[in-house]
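The structure under discussion appears below in the form of structure tokens.
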Amino acid sequence: MQITTAVPHIGALDAPEAAPDDRLVEAARETIIAIGEDPGREGLARTPERVARSWRFLTQGYQTDLDELVNSAIFDEKCGEIVAVKNIRFFSMCEHHMLPFFGICHVGYIPNGRVIGLSKIPRIVDMFARRLQIQERLTQQIAAALNQVLNPRGVAIVMEAHHLCMMMRGVEKESSLTLTSEMTGAFRENRKTREEFLGLAGMRIIP
Ligand SMILES: [Zn+2]
């Protein structure tokens with residue numbers, strides 16, 4: 001499976017420096033007008049540029065290439081036990097309301113002769129989080145990316161997130177936590193392996 005960017009490139013890799021004639025600047029200006037505000041008001045004068053830079057940063061995952069990110073940080077290793085990185089902070093944007101959702105992600109895999117540099121795992125999470133997303137797909141894409149680069153015996157992902165679209169509007173259930181998980185290979189097939197990961201991740205296992 002090949003993972004590629006879903007949207008055409010907007011500018012170069014140095015995304016945070018938005019060009020002044022950027023469509024994002026125009027869109028932010030239009031939004032200010034559409035909600036009945038005055039884009040010429042002192043406090044809002046430079047807001048469209050700031051919003052554009054902020055959106056470029058928050059969606060920079062579209063510009064990230066998985067192979068480039070992983071680079072050469074794959075090593076031959078005989079380890080056959082679970083490797084887990086837990087409590088990875090992530091921030092993403094819900095594609096239905098374009099409001100943030102954020103939380104923590106637990107990642108585990110069982111090597112099949114190869115391991116990945118541990119610092120690359122949070123970067124893979126970021127690569128997919130920094131896009132317009134739904135939490136379910138984000139969870140699956142992280143698992144698919146690890147399967148692609150490592151071909152491991154299994155991948156386990158659990159994500160816990162707060163969604164501002166639920167907290168600030170609509171149902172206003174500000175304390176609700178959304179959990180998603182994706183288990184492949186040994187984690188899917190073997191209950192003990194799955195429970196070992198959930199235990200490592202600090203998840204309560206309900207029998
Ligand atoms: Zn939403």
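By convention in this document, the chains of the structure tokens carry letters A, B, ... by their order, each chain's residues are numbered from 1, and ligands are numbered from 1 in the order they are shown.
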Range 16-163 of chain A: which residues are strand (DSSP E) by DSSP, as an MDAnalysis selection string?
chainID A and resid 74:76 83:94 100:110 114:116 132:133 154:163
Determine, counting only C-alpha atoms, which protein, DNA and RNA residues have an atom within 12 Å of an atom of Ser72 in chain A; residues of the same chain fewer than 2 positions away are not included. Present the result as a PyMOL selection string.
chain A and resi 66-70+74-76+114-117+120+149
Min atom-atom distance to Ala73 in chain A from the set A:Ser54, A:Arg191, A:Ile110, A:Leu150, counting only C-alpha atoms, belongs to A:Leu150
How would you write, as an MDAnalysis selection string, the set of residues in chain A that DSSP gives as helix (DSSP H, G or I)?
chainID A and resid 23:34 42:44 47:58 60:63 66:70 120:129 135:150 164:167 186:189 191:200
Nearby residues, ligand 1, 9 Å, only C-alpha atoms and all ligand atoms, as a VMD selection string:
chain A and resid 93 to 101 134 163 to 166
